[in-house]
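What follows is one structure encoded as structure tokens, with my remarks underneath.
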Amino acid sequence: MSDYKPTREEAYELLTKYVENDSQIKHALAVEATMVHFAQLFDEDPEKWGVIGLIHDLDYDKYPEEHCKITEQILKEEGWPEDYIRGVMSHGWKLCTDVEPKGKMEKVIYTIDELTGLVAATALMRPSKSIMDMEAKSVKKKWGQKSFAAGVNRDVIAEGADMLGMDIKEVIHETIMGMRKVADEIGLNGNL
């Protein structure tokens with residue numbers, strides 16, 4: 001079991017077993033695509049990064065008060081490798097876990113989890129309702145409007161970008177590029 005690597009199919013099956021909310025599924029798909037994009041950018045394992053992105057909010061739909069804790073239990077019961085579980089837990093650092101993001105993959109999921117929400121909200125405000133014609137500067141404009149996508153923790157995104165040693169605009173651009181790959185599935189292809 002020590003060589004066990006959860007597949008995308010197993011992760012998706014688990015996701016749809018615990019998450020019924022359509023917008024939560026779309027968020028999981030957006031984070032997955034963005035994680036795959038960053039893995040390719042950094043020459044890392046895209047399947048592993050994608051799987052972790054896909055199941056990172058496994059318990060949020062049904063157990064928001066125990067976010068991450070229930071996911072940890074589920075993944076342990078499923079026999080998932082410790083580094084996958086740690087990767088998932090790190091996205092909730094200082095919010096609902098004390099697992100500090102250490103490696104590049106953990107820093108990326110910590111940074112882009114909240115950011116995908118801001119990117120999606122910005123795309124939906126556009127006349128095209130699409131991510132396909134959106135640039136990082138559009139998201140950056142909305143960044144300072146605290147009332148816009150008020151639930152998005154901008155401090156986490158900024159801290160994550162710092163941890164990655166990347167400019168926030170670059171992180172936004174790469175997140176958009178990742179999300180474009182699943183624009184249809186996440187409802188952001190708009191009317192283009």
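Ligands are numbered from 1 in the order shown, chains are lettered A, B, ... in the order of the structure tokens, and residues start at 1 in each chain.
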Using only C-alpha atoms, which protein or nucleic acid residues come within 12 Å of Lys141 of chain A? Drop anything in the same chain fewer than 3 positions from it, and give the result as a PyMOL selection string.
chain A and resi 118-119+122+134-138+144-146+148+169+172
Selected residues, N, CA and C atoms, written as a PDB file, in the first residue's frame, please.
ATOM      1  N   LEU A 118     -12.133  34.286  -6.555  1.00  0.00           N
ATOM      2  CA  LEU A 118     -12.073  35.687  -6.999  1.00  0.00           C
ATOM      3  C   LEU A 118     -12.037  35.756  -8.528  1.00  0.00           C
ATOM      4  N   VAL A 119     -11.290  34.877  -9.140  1.00  0.00           N
ATOM      5  CA  VAL A 119     -11.202  34.827 -10.609  1.00  0.00           C
ATOM      6  C   VAL A 119     -12.579  34.504 -11.198  1.00  0.00           C
ATOM      7  N   THR A 122     -14.998  37.437 -10.814  1.00  0.00           N
ATOM      8  CA  THR A 122     -14.652  38.511 -11.749  1.00  0.00           C
ATOM      9  C   THR A 122     -15.128  38.165 -13.158  1.00  0.00           C
ATOM     10  N   MET A 134     -10.549  37.121 -20.391  1.00  0.00           N
ATOM     11  CA  MET A 134     -10.215  37.912 -19.201  1.00  0.00           C
ATOM     12  C   MET A 134      -8.713  37.880 -18.931  1.00  0.00           C
ATOM     13  N   GLU A 135      -8.194  39.008 -18.519  1.00  0.00           N
ATOM     14  CA  GLU A 135      -6.774  39.121 -18.180  1.00  0.00           C
ATOM     15  C   GLU A 135      -6.616  39.363 -16.675  1.00  0.00           C
ATOM     16  N   ALA A 136      -5.399  39.199 -16.189  1.00  0.00           N
ATOM     17  CA  ALA A 136      -5.113  39.367 -14.757  1.00  0.00           C
ATOM     18  C   ALA A 136      -5.479  40.765 -14.257  1.00  0.00           C
ATOM     19  N   LYS A 137      -5.327  41.777 -15.104  1.00  0.00           N
ATOM     20  CA  LYS A 137      -5.602  43.151 -14.650  1.00  0.00           C
ATOM     21  C   LYS A 137      -7.072  43.337 -14.239  1.00  0.00           C
ATOM     22  N   SER A 138      -7.991  42.585 -14.860  1.00  0.00           N
ATOM     23  CA  SER A 138      -9.410  42.665 -14.474  1.00  0.00           C
ATOM     24  C   SER A 138      -9.603  42.186 -13.040  1.00  0.00           C
ATOM     25  N   GLY A 144      -8.993  45.264  -4.863  1.00  0.00           N
ATOM     26  CA  GLY A 144      -9.111  46.313  -3.845  1.00  0.00           C
ATOM     27  C   GLY A 144     -10.530  46.585  -3.390  1.00  0.00           C
ATOM     28  N   GLN A 145     -11.507  46.099  -4.126  1.00  0.00           N
ATOM     29  CA  GLN A 145     -12.910  46.305  -3.740  1.00  0.00           C
ATOM     30  C   GLN A 145     -13.307  45.224  -2.744  1.00  0.00           C
ATOM     31  N   LYS A 146     -13.155  45.532  -1.461  1.00  0.00           N
ATOM     32  CA  LYS A 146     -13.385  44.526  -0.416  1.00  0.00           C
ATOM     33  C   LYS A 146     -14.819  43.990  -0.416  1.00  0.00           C
ATOM     34  N   PHE A 148     -16.495  43.320  -3.063  1.00  0.00           N
ATOM     35  CA  PHE A 148     -16.620  42.379  -4.173  1.00  0.00           C
ATOM     36  C   PHE A 148     -16.041  41.028  -3.757  1.00  0.00           C
ATOM     37  N   LYS A 169       0.190  39.404  -9.597  1.00  0.00           N
ATOM     38  CA  LYS A 169      -0.382  39.461 -10.945  1.00  0.00           C
ATOM     39  C   LYS A 169      -0.013  38.205 -11.753  1.00  0.00           C
ATOM     40  N   ILE A 172      -2.186  35.378 -10.492  1.00  0.00           N
ATOM     41  CA  ILE A 172      -3.534  35.534 -11.049  1.00  0.00           C
ATOM     42  C   ILE A 172      -3.548  35.065 -12.508  1.00  0.00           C
TER      43      ILE A 172
END
Polymer residues at most 10 Å from Glu159 of chain A, only C-alpha atoms, same-chain spacing of 5 or more positions, as a PDB file with N, CA and C atoms, in the first residue's frame:
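Output file result.pdb is given in full below:
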ATOM      1  N   LYS A 107       2.194  25.145  -1.075  1.00  0.00           N
ATOM      2  CA  LYS A 107       2.135  26.611  -1.191  1.00  0.00           C
ATOM      3  C   LYS A 107       1.189  27.027  -2.310  1.00  0.00           C
ATOM      4  N   TYR A 110      -2.519  26.449  -1.213  1.00  0.00           N
ATOM      5  CA  TYR A 110      -2.830  27.472  -0.206  1.00  0.00           C
ATOM      6  C   TYR A 110      -3.139  28.803  -0.898  1.00  0.00           C
ATOM      7  N   THR A 111      -2.388  29.129  -1.929  1.00  0.00           N
ATOM      8  CA  THR A 111      -2.527  30.407  -2.626  1.00  0.00           C
ATOM      9  C   THR A 111      -3.738  30.446  -3.545  1.00  0.00           C
ATOM     10  N   ARG A 154      -8.180  37.720   0.781  1.00  0.00           N
ATOM     11  CA  ARG A 154      -7.087  38.247  -0.032  1.00  0.00           C
ATOM     12  C   ARG A 154      -5.734  38.148   0.687  1.00  0.00           C
ATOM     13  N   LEU A 164       5.532  31.676  -2.511  1.00  0.00           N
ATOM     14  CA  LEU A 164       5.965  31.118  -3.790  1.00  0.00           C
ATOM     15  C   LEU A 164       7.039  31.981  -4.459  1.00  0.00           C
ATOM     16  N   GLY A 165       7.223  33.187  -3.931  1.00  0.00           N
ATOM     17  CA  GLY A 165       8.182  34.105  -4.544  1.00  0.00           C
ATOM     18  C   GLY A 165       7.690  34.615  -5.890  1.00  0.00           C
ATOM     19  N   ILE A 168       1.865  38.838  -7.424  1.00  0.00           N
ATOM     20  CA  ILE A 168       0.437  38.485  -7.351  1.00  0.00           C
ATOM     21  C   ILE A 168      -0.207  38.468  -8.734  1.00  0.00           C
TER      22      ILE A 168
END
Just the residues within 8 Å of Gly50 of chain A, please, counting only C-alpha atoms, with nothing from its chain fewer than 3 positions along; format it as a ChimeraX atom specification.
/A:8,31-36,46-47,53-54
Which residues are near Met163 of chain A? Cut-off 12 Å, only C-alpha atoms, ignore same chain within fewer than 6 positions. Put them as a PyMOL selection string.
chain A and resi 100-111+156-157+171
I need the residues of chain A that end up classed as helix (DSSP H, G or I) by DSSP on the backbone, written out as a PyMOL selection string.
chain A and resi 8-18+22-41+46-55+64-66+69-77+82-90+104-125+136-143+154-164+168-180
Go ahead and save the residues from that selection, with C-alpha atoms, as an mmCIF file, in the first residue's frame.
data_model
loop_
_atom_site.group_PDB
_atom_site.id
_atom_site.type_symbol
_atom_site.label_atom_id
_atom_site.label_comp_id
_atom_site.auth_asym_id
_atom_site.auth_seq_id
_atom_site.Cartn_x
_atom_site.Cartn_y
_atom_site.Cartn_z
ATOM 1 C CA ARG A 8 -8.207 11.057 -10.591
ATOM 2 C CA GLU A 9 -11.165 8.661 -10.981
ATOM 3 C CA GLU A 10 -10.948 7.625 -7.310
ATOM 4 C CA ALA A 11 -10.715 11.265 -6.237
ATOM 5 C CA TYR A 12 -13.713 12.266 -8.357
ATOM 6 C CA GLU A 13 -15.764 9.357 -7.035
ATOM 7 C CA LEU A 14 -14.943 10.419 -3.474
ATOM 8 C CA LEU A 15 -15.753 14.049 -4.282
ATOM 9 C CA THR A 16 -19.182 13.244 -5.702
ATOM 10 C CA LYS A 17 -19.901 10.911 -2.778
ATOM 11 C CA TYR A 18 -19.452 13.715 -0.231
ATOM 12 C CA ASP A 22 -22.918 22.117 -7.780
ATOM 13 C CA SER A 23 -20.890 25.255 -7.081
ATOM 14 C CA GLN A 24 -18.634 23.255 -4.721
ATOM 15 C CA ILE A 25 -18.040 20.701 -7.505
ATOM 16 C CA LYS A 26 -17.196 23.522 -9.926
ATOM 17 C CA HIS A 27 -14.808 25.010 -7.349
ATOM 18 C CA ALA A 28 -13.115 21.609 -6.969
ATOM 19 C CA LEU A 29 -12.730 21.333 -10.757
ATOM 20 C CA ALA A 30 -11.308 24.877 -10.950
ATOM 21 C CA VAL A 31 -8.770 24.166 -8.199
ATOM 22 C CA GLU A 32 -7.875 20.834 -9.825
ATOM 23 C CA ALA A 33 -7.239 22.454 -13.228
ATOM 24 C CA THR A 34 -5.212 25.250 -11.663
ATOM 25 C CA MET A 35 -3.129 22.783 -9.652
ATOM 26 C CA VAL A 36 -2.437 20.737 -12.808
ATOM 27 C CA HIS A 37 -1.416 23.939 -14.618
ATOM 28 C CA PHE A 38 0.989 24.963 -11.845
ATOM 29 C CA ALA A 39 2.420 21.420 -11.631
ATOM 30 C CA GLN A 40 3.239 21.586 -15.337
ATOM 31 C CA LEU A 41 4.688 25.074 -14.879
ATOM 32 C CA PRO A 46 0.293 17.006 -12.541
ATOM 33 C CA GLU A 47 -1.859 14.005 -11.620
ATOM 34 C CA LYS A 48 -0.900 14.148 -7.951
ATOM 35 C CA TRP A 49 -1.363 17.931 -7.776
ATOM 36 C CA GLY A 50 -4.697 17.670 -9.600
ATOM 37 C CA VAL A 51 -6.022 14.906 -7.336
ATOM 38 C CA ILE A 52 -5.162 16.971 -4.242
ATOM 39 C CA GLY A 53 -6.850 20.011 -5.774
ATOM 40 C CA LEU A 54 -9.942 17.998 -6.641
ATOM 41 C CA ILE A 55 -10.561 16.666 -3.126
ATOM 42 C CA PRO A 64 -18.325 23.263 7.092
ATOM 43 C CA GLU A 65 -17.765 23.632 10.843
ATOM 44 C CA GLU A 66 -15.275 20.751 10.818
ATOM 45 C CA LYS A 69 -10.795 17.578 10.007
ATOM 46 C CA ILE A 70 -13.418 15.296 8.444
ATOM 47 C CA THR A 71 -11.480 15.201 5.151
ATOM 48 C CA GLU A 72 -8.417 14.026 7.056
ATOM 49 C CA GLN A 73 -10.457 11.205 8.662
ATOM 50 C CA ILE A 74 -12.011 10.163 5.336
ATOM 51 C CA LEU A 75 -8.680 10.087 3.500
ATOM 52 C CA LYS A 76 -7.016 8.106 6.299
ATOM 53 C CA GLU A 77 -9.884 5.582 6.218
ATOM 54 C CA GLU A 82 0.316 10.859 4.125
ATOM 55 C CA ASP A 83 1.780 13.421 1.702
ATOM 56 C CA TYR A 84 -1.563 13.699 -0.125
ATOM 57 C CA ILE A 85 -3.397 14.201 3.174
ATOM 58 C CA ARG A 86 -0.839 16.782 4.294
ATOM 59 C CA GLY A 87 -1.207 18.584 0.951
ATOM 60 C CA VAL A 88 -4.969 18.823 1.442
ATOM 61 C CA MET A 89 -4.615 19.947 5.058
ATOM 62 C CA SER A 90 -2.138 22.696 4.179
ATOM 63 C CA LYS A 104 5.778 24.002 -3.619
ATOM 64 C CA MET A 105 2.548 22.021 -4.085
ATOM 65 C CA GLU A 106 1.284 22.950 -0.619
ATOM 66 C CA LYS A 107 2.135 26.611 -1.191
ATOM 67 C CA VAL A 108 0.288 26.581 -4.513
ATOM 68 C CA ILE A 109 -2.950 25.075 -3.160
ATOM 69 C CA TYR A 110 -2.830 27.472 -0.206
ATOM 70 C CA THR A 111 -2.527 30.407 -2.626
ATOM 71 C CA ILE A 112 -4.928 29.472 -5.392
ATOM 72 C CA ASP A 113 -7.821 27.965 -3.417
ATOM 73 C CA GLU A 114 -9.233 31.392 -2.520
ATOM 74 C CA LEU A 115 -7.966 32.955 -5.744
ATOM 75 C CA THR A 116 -10.033 30.671 -8.001
ATOM 76 C CA GLY A 117 -13.130 32.106 -6.311
ATOM 77 C CA LEU A 118 -12.073 35.687 -6.999
ATOM 78 C CA VAL A 119 -11.202 34.827 -10.609
ATOM 79 C CA ALA A 120 -14.571 33.111 -11.144
ATOM 80 C CA ALA A 121 -16.512 35.993 -9.576
ATOM 81 C CA THR A 122 -14.652 38.511 -11.749
ATOM 82 C CA ALA A 123 -15.340 36.496 -14.914
ATOM 83 C CA LEU A 124 -19.066 36.356 -14.135
ATOM 84 C CA MET A 125 -19.178 40.180 -13.855
ATOM 85 C CA ALA A 136 -5.113 39.367 -14.757
ATOM 86 C CA LYS A 137 -5.602 43.151 -14.650
ATOM 87 C CA SER A 138 -9.410 42.665 -14.474
ATOM 88 C CA VAL A 139 -9.021 40.548 -11.337
ATOM 89 C CA LYS A 140 -6.464 42.968 -9.911
ATOM 90 C CA LYS A 141 -8.997 45.823 -10.337
ATOM 91 C CA LYS A 142 -11.519 43.880 -8.244
ATOM 92 C CA TRP A 143 -8.841 42.983 -5.664
ATOM 93 C CA ARG A 154 -7.087 38.247 -0.032
ATOM 94 C CA ASP A 155 -4.509 38.075 2.783
ATOM 95 C CA VAL A 156 -4.150 34.314 2.241
ATOM 96 C CA ILE A 157 -3.632 34.824 -1.505
ATOM 97 C CA ALA A 158 -1.031 37.560 -0.949
ATOM 98 C CA GLU A 159 0.787 35.508 1.684
ATOM 99 C CA GLY A 160 0.780 32.466 -0.584
ATOM 100 C CA ALA A 161 2.176 34.447 -3.515
ATOM 101 C CA ASP A 162 4.965 35.679 -1.216
ATOM 102 C CA MET A 163 5.692 32.102 -0.129
ATOM 103 C CA LEU A 164 5.965 31.118 -3.790
ATOM 104 C CA ILE A 168 0.437 38.485 -7.351
ATOM 105 C CA LYS A 169 -0.382 39.461 -10.945
ATOM 106 C CA GLU A 170 1.635 36.479 -12.219
ATOM 107 C CA VAL A 171 -0.199 34.125 -9.843
ATOM 108 C CA ILE A 172 -3.534 35.534 -11.049
ATOM 109 C CA HIS A 173 -2.483 35.113 -14.704
ATOM 110 C CA GLU A 174 -1.435 31.476 -14.199
ATOM 111 C CA THR A 175 -4.644 30.745 -12.270
ATOM 112 C CA ILE A 176 -6.693 32.139 -15.176
ATOM 113 C CA MET A 177 -4.692 29.990 -17.609
ATOM 114 C CA GLY A 178 -5.402 26.885 -15.522
ATOM 115 C CA MET A 179 -9.102 27.639 -15.153
ATOM 116 C CA ARG A 180 -9.499 28.291 -18.891
#
One decimal, Å: what's the distance from atom CA of Asp133 of chain A over to atom CA of Asp167 of chain A, could you say?
21.3 Å
Looking at A:Gly79, A:Asn21, A:His67, A:Lys5, which one is nearest to Trp93 of chain A, with distances taken over only C-alpha atoms?
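Looking at the shortest contact to Trp93 of chain A, the residue is A:His67.
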Please indicate the distance in Å from atom CA of His91 of chain A to atom CA of His56 of chain A, rounded to one decimal place.
7.5 Å
How many Å separate atom CA of Arg126 of chain A from atom CA of Leu188 of chain A?
10.4 Å
